[in-house]
Amino acid sequence: MKIAVVGAGYVGLVTSTCFASLGNSVTCVDIDEKKIAALKKGKMPIYEPGLEELVRQNLKKKNLSFTTNLKTAVHQSDVIFIAVGTPPKPNGEADLSFVENVARTIAREMTSYKLIVEKSTVPVQTGSWIRDTVMRYCKKNVAFDVASNPEFLREGTAVKDFMNPDRVVLGVDSKRAEKLLTELYKPLKATLVFTDIKSAEIIKHASNSFLAMKISFINAISRICELAKADVEQVATGMGLDRRIGRNFLDAGLGFGGFCFPKDLAAFIRISEKLGYDFELLKAVEKINEDQKKYFVKKIEHALWNVNSKTIAILGLAFKPNTDDMRFAPSLDIIADLQAMGAKIRAYDPHASANAKKTLTKVTFCKDAYEACKGSDCVVILTEWDEFKEINLVKVKKLLAQPVVIDGRNIYDPEEMQKLGFRYFSIGRPTKEKR
């Protein structure tokens with residue numbers, strides 16, 4: 001099929017590339033001229049495992065092209081995916097101005113049937129607004145359909161998630177749209193879930209909010225475990241073996257970050273309010289997530305006694321491993337709080353340091369984990385990169401001014417750390433301190 005994907009961010013770029021890999025002719029559109037120029041040369045604006053190689057392969061095959069010209073892309077395409085940003089407003093609502101602008105341009109330029117598909121995460125009823133906008137600005141009486149195809153891509157595994165989905169949700173209101181999308185996704189041999197458009201829009205927000213709730217729930221349990229001197233990992237394992245619950249998203253830590261969960265949670269709370277429902281449960285999920293970061297800073301303070309003038313090595317800045325995304329990363333708030341208390345920060349992340357430098361100030365960015373640890377009063381784990389799991393802890397101990405590790409991701413075994421001579425603090429697990 002001839003496809004246009006509008007937006008070359010995480011979702012749009014992965015969607016474009018994967019559709020091209022399935023044999024379609026795909027044009028990816030973005031208004032950022034520098035980004036498009038780089039993509040034409042196969043240079044990535046983001047770090048996502050496996051994506052760069054796929055982009056270059058499909059550029060070579062000429063299945064994939066990049067442009068800033070939305071008008072031309074509309075003329076050349078049968079199916080148009082809208083994958084532009086929907087950033088949060090100060091009140092938590094999604095800003096849909098980019099979606100509206102794209103819908104308006106499509107309407108003005110289309111001269112033959114188009115299937116317009118929401119790929120961005122949008123509030124319920126956005127499909128109706130897109131339809132109204134296209135009808136208002138299309139002066140040529142051209143047939144079209146609107147559909148919703150929410151994405152469920154995780155940063156760090158986005159290519160794998162696209163090519164091997166648990167399900168593909170497709171909100172449609174015509175047989176023509178259903179047939180086109182069935183044909184498009186046929187190569188994946190995935191379970192296709194057809195719904196009405198409004199239900200598809202809610203599925204996305206409901207799914208992300210539920211996963212955020214699981215994370216906040218296990219973090220609340222971790223606090224109880226610390227008070228009771230129980231082990232949250234054993235509790236999570238016992239819970240997760242129940243097929244009704246499942247083990248995924250039951251890892252205690254610093255809470256969720258990134259662009260999707262915080263944004264979608266806030267948006268769903270506002271959507272519910274506008275519809276007349278006070279979603280108090282999700283407000284509690286938000287609060288627990290914010291409190292977890294503050295609690296972790298207190299844990300660091302407890303380990304060091306006084307934070308002022310201490311040098312702290314931070315390992316991991318991205319909100320999760322296998323991405324360079326710093327949006328809503330817990331590291332931002334934790335580092336800011338530590339600096340406000342007078343700490344000196346030495347930081348290292350395998351891929352996110354360049355993005356972190358755009359936001360963080362008065363931080364010494366190091367070339368590797370060992371340089372960050374050298375002379376520091378403690379090491380703090382904020383992202384569970386494999387590199388940190390495999391680090392030479394004997395070497396780390398020699399480099400540190402004090403053998404103190406505060407682990408926000410529970411990547412080390414408490415007994416092993418104690419045997420190595422560390423004072424080790426983690427989340428929701430008993431700590432036996434040796435002084």
# chains A, B, ... in the order shown; residues from 1 in each chain; ligands from 1
call {"tool": "residues_around", "arguments": {"residues": "Tyr295 in chain A", "least_positions_apart": "5", "cutoff": "9 Å", "atoms": "only C-alpha atoms", "output": "PyMOL selection string"}}
result
chain A and resi 254+290+300
call {"tool": "residues_around", "arguments": {"residues": "Lys374 in chain A", "least_positions_apart": "3", "cutoff": "8 Å", "atoms": "only C-alpha atoms", "output": "PyMOL selection string"}}
result
chain A and resi 370-371+396+399-401
call {"tool": "closest_residue", "arguments": {"among": "A:Leu332, A:Val29, A:Leu393, A:Cys138", "to": "Leu360 in chain A", "atoms": "only C-alpha atoms"}}
result
A:Leu332
call {"tool": "atom_distance", "arguments": {"atom1": "CA of Ile202 in chain A", "atom2": "CA of Leu13 in chain A"}}
result
23.5 Å
call {"tool": "closest_residue", "arguments": {"among": "A:Cys28, A:Leu382, A:Ala372, A:Ala352", "to": "Ser331 in chain A", "atoms": "only C-alpha atoms"}}
result
A:Leu382
call {"tool": "residues_around", "arguments": {"residues": "Ala252 in chain A", "least_positions_apart": "3", "cutoff": "10 Å", "atoms": "only C-alpha atoms", "output": "list in words"}}
result
Lys214, Ile215, Ser216, Phe217, Ile218, Asn219, Ala220, Ile221, Ser222, Arg223, Val232, Glu233, Ala236, Phe249, Gly255, Gln292, Gly408, Arg409, Asn410, Ser426, Ile427, Gly428 and Arg429 of chain A
call {"tool": "write_last_selection", "arguments": {"atoms": "C-alpha atoms", "output": "tab-separated table (two decimals), in the first residue's frame"}}
result
chain	number	residue	atom	x	y	z
A	214	LYS	CA	0.43	-1.76	38.75
A	215	ILE	CA	3.73	0.09	39.15
A	216	SER	CA	2.38	2.42	41.83
A	217	PHE	CA	0.74	-0.51	43.59
A	218	ILE	CA	3.98	-2.49	43.90
A	219	ASN	CA	5.82	0.66	44.99
A	220	ALA	CA	3.26	1.15	47.75
A	221	ILE	CA	3.77	-2.51	48.70
A	222	SER	CA	7.54	-1.91	48.77
A	223	ARG	CA	7.04	0.73	51.47
A	232	VAL	CA	9.08	-6.95	47.92
A	233	GLU	CA	10.63	-9.15	45.24
A	236	ALA	CA	5.92	-9.71	43.66
A	249	PHE	CA	5.10	-4.29	35.84
A	255	GLY	CA	8.23	4.82	39.77
A	292	GLN	CA	8.29	7.45	45.52
A	408	GLY	CA	16.69	2.52	42.91
A	409	ARG	CA	16.15	-0.43	40.58
A	410	ASN	CA	17.04	-3.45	42.76
A	426	SER	CA	17.49	-0.88	47.80
A	427	ILE	CA	13.71	-0.63	47.38
A	428	GLY	CA	11.42	-2.75	49.55
A	429	ARG	CA	14.07	-5.25	50.62
call {"tool": "atom_distance", "arguments": {"atom1": "CA of Glu390 in chain A", "atom2": "CA of Val14 in chain A"}}
result
29.4 Å
call {"tool": "closest_residue", "arguments": {"among": "A:Asn63, A:Asn355, A:Ser209, A:Ser309", "to": "Phe268 in chain A", "atoms": "only C-alpha atoms"}}
result
A:Ser209
call {"tool": "closest_residue", "arguments": {"among": "A:Ala343, A:Met417, A:Ile130, A:Ala94", "to": "Asn308 in chain A", "atoms": "only C-alpha atoms"}}
result
A:Ala343
call {"tool": "closest_residue", "arguments": {"among": "A:Val285, A:Ile381, A:Leu54, A:Cys260", "to": "Leu39 in chain A", "atoms": "only C-alpha atoms"}}
result
A:Leu54
call {"tool": "select_by_dssp", "arguments": {"residues": "range 127-313 of chain A", "states": "helix (DSSP H, G or I)", "output": "PyMOL selection string"}}
result
chain A and resi 127-137+158-163+175-188+197-228+232-240+260-275+280-304
call {"tool": "closest_residue", "arguments": {"among": "A:Pro49, A:Gly253, A:Gly258, A:Gly240", "to": "Lys160 in chain A", "atoms": "only C-alpha atoms"}}
result
A:Pro49
call {"tool": "residues_around", "arguments": {"residues": "Ala266 in chain A", "least_positions_apart": "4", "cutoff": "9 Å", "atoms": "only C-alpha atoms", "output": "MDAnalysis selection string"}}
result
chainID A and resid 88 91:94 261:262 270:271 282:283 286
call {"tool": "write_last_selection", "arguments": {"atoms": "C-alpha atoms", "output": "PDB file, in the first residue's frame"}}
result
ATOM      1  CA  PRO A  88       0.260  17.898  27.872  1.00  0.00           C
ATOM      2  CA  ASN A  91      -3.901  21.206  33.330  1.00  0.00           C
ATOM      3  CA  GLY A  92      -2.984  17.729  32.041  1.00  0.00           C
ATOM      4  CA  GLU A  93      -5.163  17.819  28.924  1.00  0.00           C
ATOM      5  CA  ALA A  94      -3.609  16.747  25.630  1.00  0.00           C
ATOM      6  CA  PHE A 261       2.645   7.002  31.317  1.00  0.00           C
ATOM      7  CA  PRO A 262       2.752  10.401  33.089  1.00  0.00           C
ATOM      8  CA  ARG A 270      -8.862  15.134  32.695  1.00  0.00           C
ATOM      9  CA  ILE A 271     -10.866  13.188  30.089  1.00  0.00           C
ATOM     10  CA  LEU A 282      -5.734   7.365  39.072  1.00  0.00           C
ATOM     11  CA  LYS A 283      -5.070  10.483  41.159  1.00  0.00           C
ATOM     12  CA  GLU A 286      -0.065   9.803  40.322  1.00  0.00           C
TER      13      GLU A 286
END
call {"tool": "select_by_dssp", "arguments": {"residues": "range 227-420 of chain A", "states": "strand (DSSP E or B)", "output": "VMD selection string"}}
result
chain A and resid 311 to 315 344 to 348 363 to 365 378 to 381 404 to 407
call {"tool": "residues_around", "arguments": {"residues": "Leu153 in chain A", "least_positions_apart": "3", "cutoff": "12 Å", "atoms": "only C-alpha atoms", "output": "PyMOL selection string"}}
result
chain A and resi 10-15+18+48+119-121+150+156-168+204+208+260
call {"tool": "atom_distance", "arguments": {"atom1": "CA of Val193 in chain A", "atom2": "CA of Glu118 in chain A"}}
result
15.5 Å
call {"tool": "residues_around", "arguments": {"residues": "Pro330 in chain A", "least_positions_apart": "5", "cutoff": "7 Å", "atoms": "only C-alpha atoms", "output": "short mmCIF file (atom, residue, chain, number, x, y, z; two decimals) with N, CA and C atoms, in the first residue's frame"}}
result
data_model
loop_
_atom_site.label_atom_id
_atom_site.label_comp_id
_atom_site.auth_asym_id
_atom_site.auth_seq_id
_atom_site.Cartn_x
_atom_site.Cartn_y
_atom_site.Cartn_z
N LEU A 254 11.76 3.35 41.34
CA LEU A 254 11.60 4.80 41.49
C LEU A 254 10.26 5.29 40.95
N GLY A 257 8.34 6.83 34.52
CA GLY A 257 8.68 8.10 33.90
C GLY A 257 8.43 7.98 32.41
N LYS A 293 9.66 9.12 44.42
CA LYS A 293 10.93 9.83 44.14
C LYS A 293 11.41 10.57 45.38
N PHE A 319 14.81 7.41 31.48
CA PHE A 319 13.73 6.92 32.35
C PHE A 319 13.67 5.40 32.38
#
call {"tool": "decode", "arguments": {"residues": "range 77-124 of chain A", "atoms": "N, CA and C atoms", "output": "tab-separated table (two decimals), in the first residue's frame"}}
result
chain	number	residue	atom	x	y	z
A	77	SER	N	-0.63	9.10	-1.17
A	77	SER	CA	-0.96	8.03	-0.24
A	77	SER	C	-2.44	7.67	-0.23
A	78	ASP	N	-2.70	6.41	0.10
A	78	ASP	CA	-4.08	5.93	0.26
A	78	ASP	C	-4.48	5.93	1.74
A	79	VAL	N	-3.50	5.61	2.60
A	79	VAL	CA	-3.72	5.58	4.04
A	79	VAL	C	-2.79	6.58	4.70
A	80	ILE	N	-3.31	7.43	5.56
A	80	ILE	CA	-2.50	8.46	6.22
A	80	ILE	C	-2.62	8.29	7.73
A	81	PHE	N	-1.49	8.00	8.37
A	81	PHE	CA	-1.44	7.86	9.82
A	81	PHE	C	-1.00	9.18	10.44
A	82	ILE	N	-1.76	9.65	11.40
A	82	ILE	CA	-1.40	10.86	12.13
A	82	ILE	C	-0.66	10.43	13.41
A	83	ALA	N	0.64	10.72	13.45
A	83	ALA	CA	1.47	10.31	14.60
A	83	ALA	C	2.25	11.50	15.15
A	84	VAL	N	1.59	12.65	15.17
A	84	VAL	CA	2.22	13.87	15.68
A	84	VAL	C	2.13	13.92	17.20
A	85	GLY	N	2.86	14.85	17.80
A	85	GLY	CA	2.87	14.97	19.25
A	85	GLY	C	1.55	15.49	19.80
A	86	THR	N	1.21	14.99	20.98
A	86	THR	CA	0.03	15.49	21.72
A	86	THR	C	0.50	15.86	23.13
A	87	PRO	N	1.34	16.89	23.24
A	87	PRO	CA	1.95	17.21	24.54
A	87	PRO	C	0.91	17.66	25.56
A	88	PRO	N	1.22	17.49	26.84
A	88	PRO	CA	0.26	17.90	27.87
A	88	PRO	C	0.20	19.41	28.05
A	89	LYS	N	-0.99	19.91	28.25
A	89	LYS	CA	-1.17	21.31	28.66
A	89	LYS	C	-0.92	21.40	30.17
A	90	PRO	N	-0.80	22.60	30.72
A	90	PRO	CA	-0.56	22.72	32.17
A	90	PRO	C	-1.61	22.00	33.03
A	91	ASN	N	-2.86	21.86	32.54
A	91	ASN	CA	-3.90	21.21	33.33
A	91	ASN	C	-3.97	19.69	33.09
A	92	GLY	N	-3.02	19.17	32.28
A	92	GLY	CA	-2.98	17.73	32.04
A	92	GLY	C	-3.66	17.29	30.76
A	93	GLU	N	-4.50	18.15	30.19
A	93	GLU	CA	-5.16	17.82	28.92
A	93	GLU	C	-4.14	17.68	27.80
A	94	ALA	N	-4.47	16.86	26.80
A	94	ALA	CA	-3.61	16.75	25.63
A	94	ALA	C	-3.82	17.94	24.71
A	95	ASP	N	-2.73	18.50	24.21
A	95	ASP	CA	-2.80	19.58	23.22
A	95	ASP	C	-2.95	18.94	21.85
A	96	LEU	N	-4.10	19.14	21.22
A	96	LEU	CA	-4.41	18.50	19.94
A	96	LEU	C	-4.26	19.43	18.74
A	97	SER	N	-3.55	20.53	18.93
A	97	SER	CA	-3.44	21.50	17.84
A	97	SER	C	-2.67	20.93	16.65
A	98	PHE	N	-1.66	20.08	16.91
A	98	PHE	CA	-0.92	19.47	15.79
A	98	PHE	C	-1.82	18.52	15.02
A	99	VAL	N	-2.64	17.77	15.73
A	99	VAL	CA	-3.57	16.83	15.08
A	99	VAL	C	-4.54	17.60	14.20
A	100	GLU	N	-5.08	18.71	14.73
A	100	GLU	CA	-6.02	19.51	13.95
A	100	GLU	C	-5.37	20.08	12.70
A	101	ASN	N	-4.14	20.58	12.82
A	101	ASN	CA	-3.44	21.17	11.67
A	101	ASN	C	-3.24	20.14	10.56
A	102	VAL	N	-2.87	18.92	10.96
A	102	VAL	CA	-2.67	17.85	9.98
A	102	VAL	C	-3.99	17.50	9.29
A	103	ALA	N	-5.05	17.36	10.09
A	103	ALA	CA	-6.37	17.03	9.53
A	103	ALA	C	-6.82	18.10	8.54
A	104	ARG	N	-6.54	19.35	8.86
A	104	ARG	CA	-6.94	20.45	7.98
A	104	ARG	C	-6.19	20.39	6.66
A	105	THR	N	-4.89	20.12	6.71
A	105	THR	CA	-4.09	20.03	5.48
A	105	THR	C	-4.53	18.86	4.63
A	106	ILE	N	-4.78	17.72	5.26
A	106	ILE	CA	-5.27	16.55	4.51
A	106	ILE	C	-6.55	16.90	3.78
A	107	ALA	N	-7.46	17.56	4.49
A	107	ALA	CA	-8.76	17.92	3.90
A	107	ALA	C	-8.60	18.80	2.67
A	108	ARG	N	-7.71	19.77	2.76
A	108	ARG	CA	-7.53	20.72	1.67
A	108	ARG	C	-6.85	20.10	0.45
A	109	GLU	N	-6.00	19.08	0.71
A	109	GLU	CA	-5.19	18.54	-0.38
A	109	GLU	C	-5.74	17.27	-1.02
A	110	MET	N	-6.60	16.53	-0.34
A	110	MET	CA	-7.00	15.23	-0.88
A	110	MET	C	-7.96	15.39	-2.07
A	111	THR	N	-7.69	14.59	-3.09
A	111	THR	CA	-8.51	14.62	-4.30
A	111	THR	C	-9.10	13.25	-4.62
A	112	SER	N	-8.76	12.25	-3.78
A	112	SER	CA	-9.32	10.90	-3.93
A	112	SER	C	-9.50	10.32	-2.53
A	113	TYR	N	-10.14	9.17	-2.45
A	113	TYR	CA	-10.44	8.55	-1.15
A	113	TYR	C	-9.18	8.40	-0.29
A	114	LYS	N	-9.30	8.75	0.99
A	114	LYS	CA	-8.21	8.58	1.95
A	114	LYS	C	-8.76	7.93	3.23
A	115	LEU	N	-7.97	7.05	3.79
A	115	LEU	CA	-8.26	6.53	5.12
A	115	LEU	C	-7.32	7.25	6.09
A	116	ILE	N	-7.90	8.03	6.98
A	116	ILE	CA	-7.12	8.84	7.93
A	116	ILE	C	-7.15	8.13	9.27
A	117	VAL	N	-5.97	7.78	9.77
A	117	VAL	CA	-5.88	6.93	10.96
A	117	VAL	C	-5.18	7.66	12.10
A	118	GLU	N	-5.85	7.77	13.23
A	118	GLU	CA	-5.20	8.29	14.45
A	118	GLU	C	-4.19	7.26	14.93
A	119	LYS	N	-2.94	7.65	15.03
A	119	LYS	CA	-1.92	6.80	15.64
A	119	LYS	C	-1.43	7.44	16.95
A	120	SER	N	-1.48	8.76	16.99
A	120	SER	CA	-1.13	9.47	18.23
A	120	SER	C	-2.09	9.07	19.34
A	121	THR	N	-1.62	9.18	20.57
A	121	THR	CA	-2.51	8.95	21.71
A	121	THR	C	-3.37	10.17	21.91
A	122	VAL	N	-4.67	10.00	21.74
A	122	VAL	CA	-5.59	11.14	21.77
A	122	VAL	C	-6.77	10.84	22.69
A	123	PRO	N	-7.43	11.88	23.21
A	123	PRO	CA	-8.62	11.67	24.05
A	123	PRO	C	-9.77	11.08	23.25
A	124	VAL	N	-10.64	10.37	23.94
A	124	VAL	CA	-11.84	9.85	23.30
A	124	VAL	C	-12.64	11.00	22.69
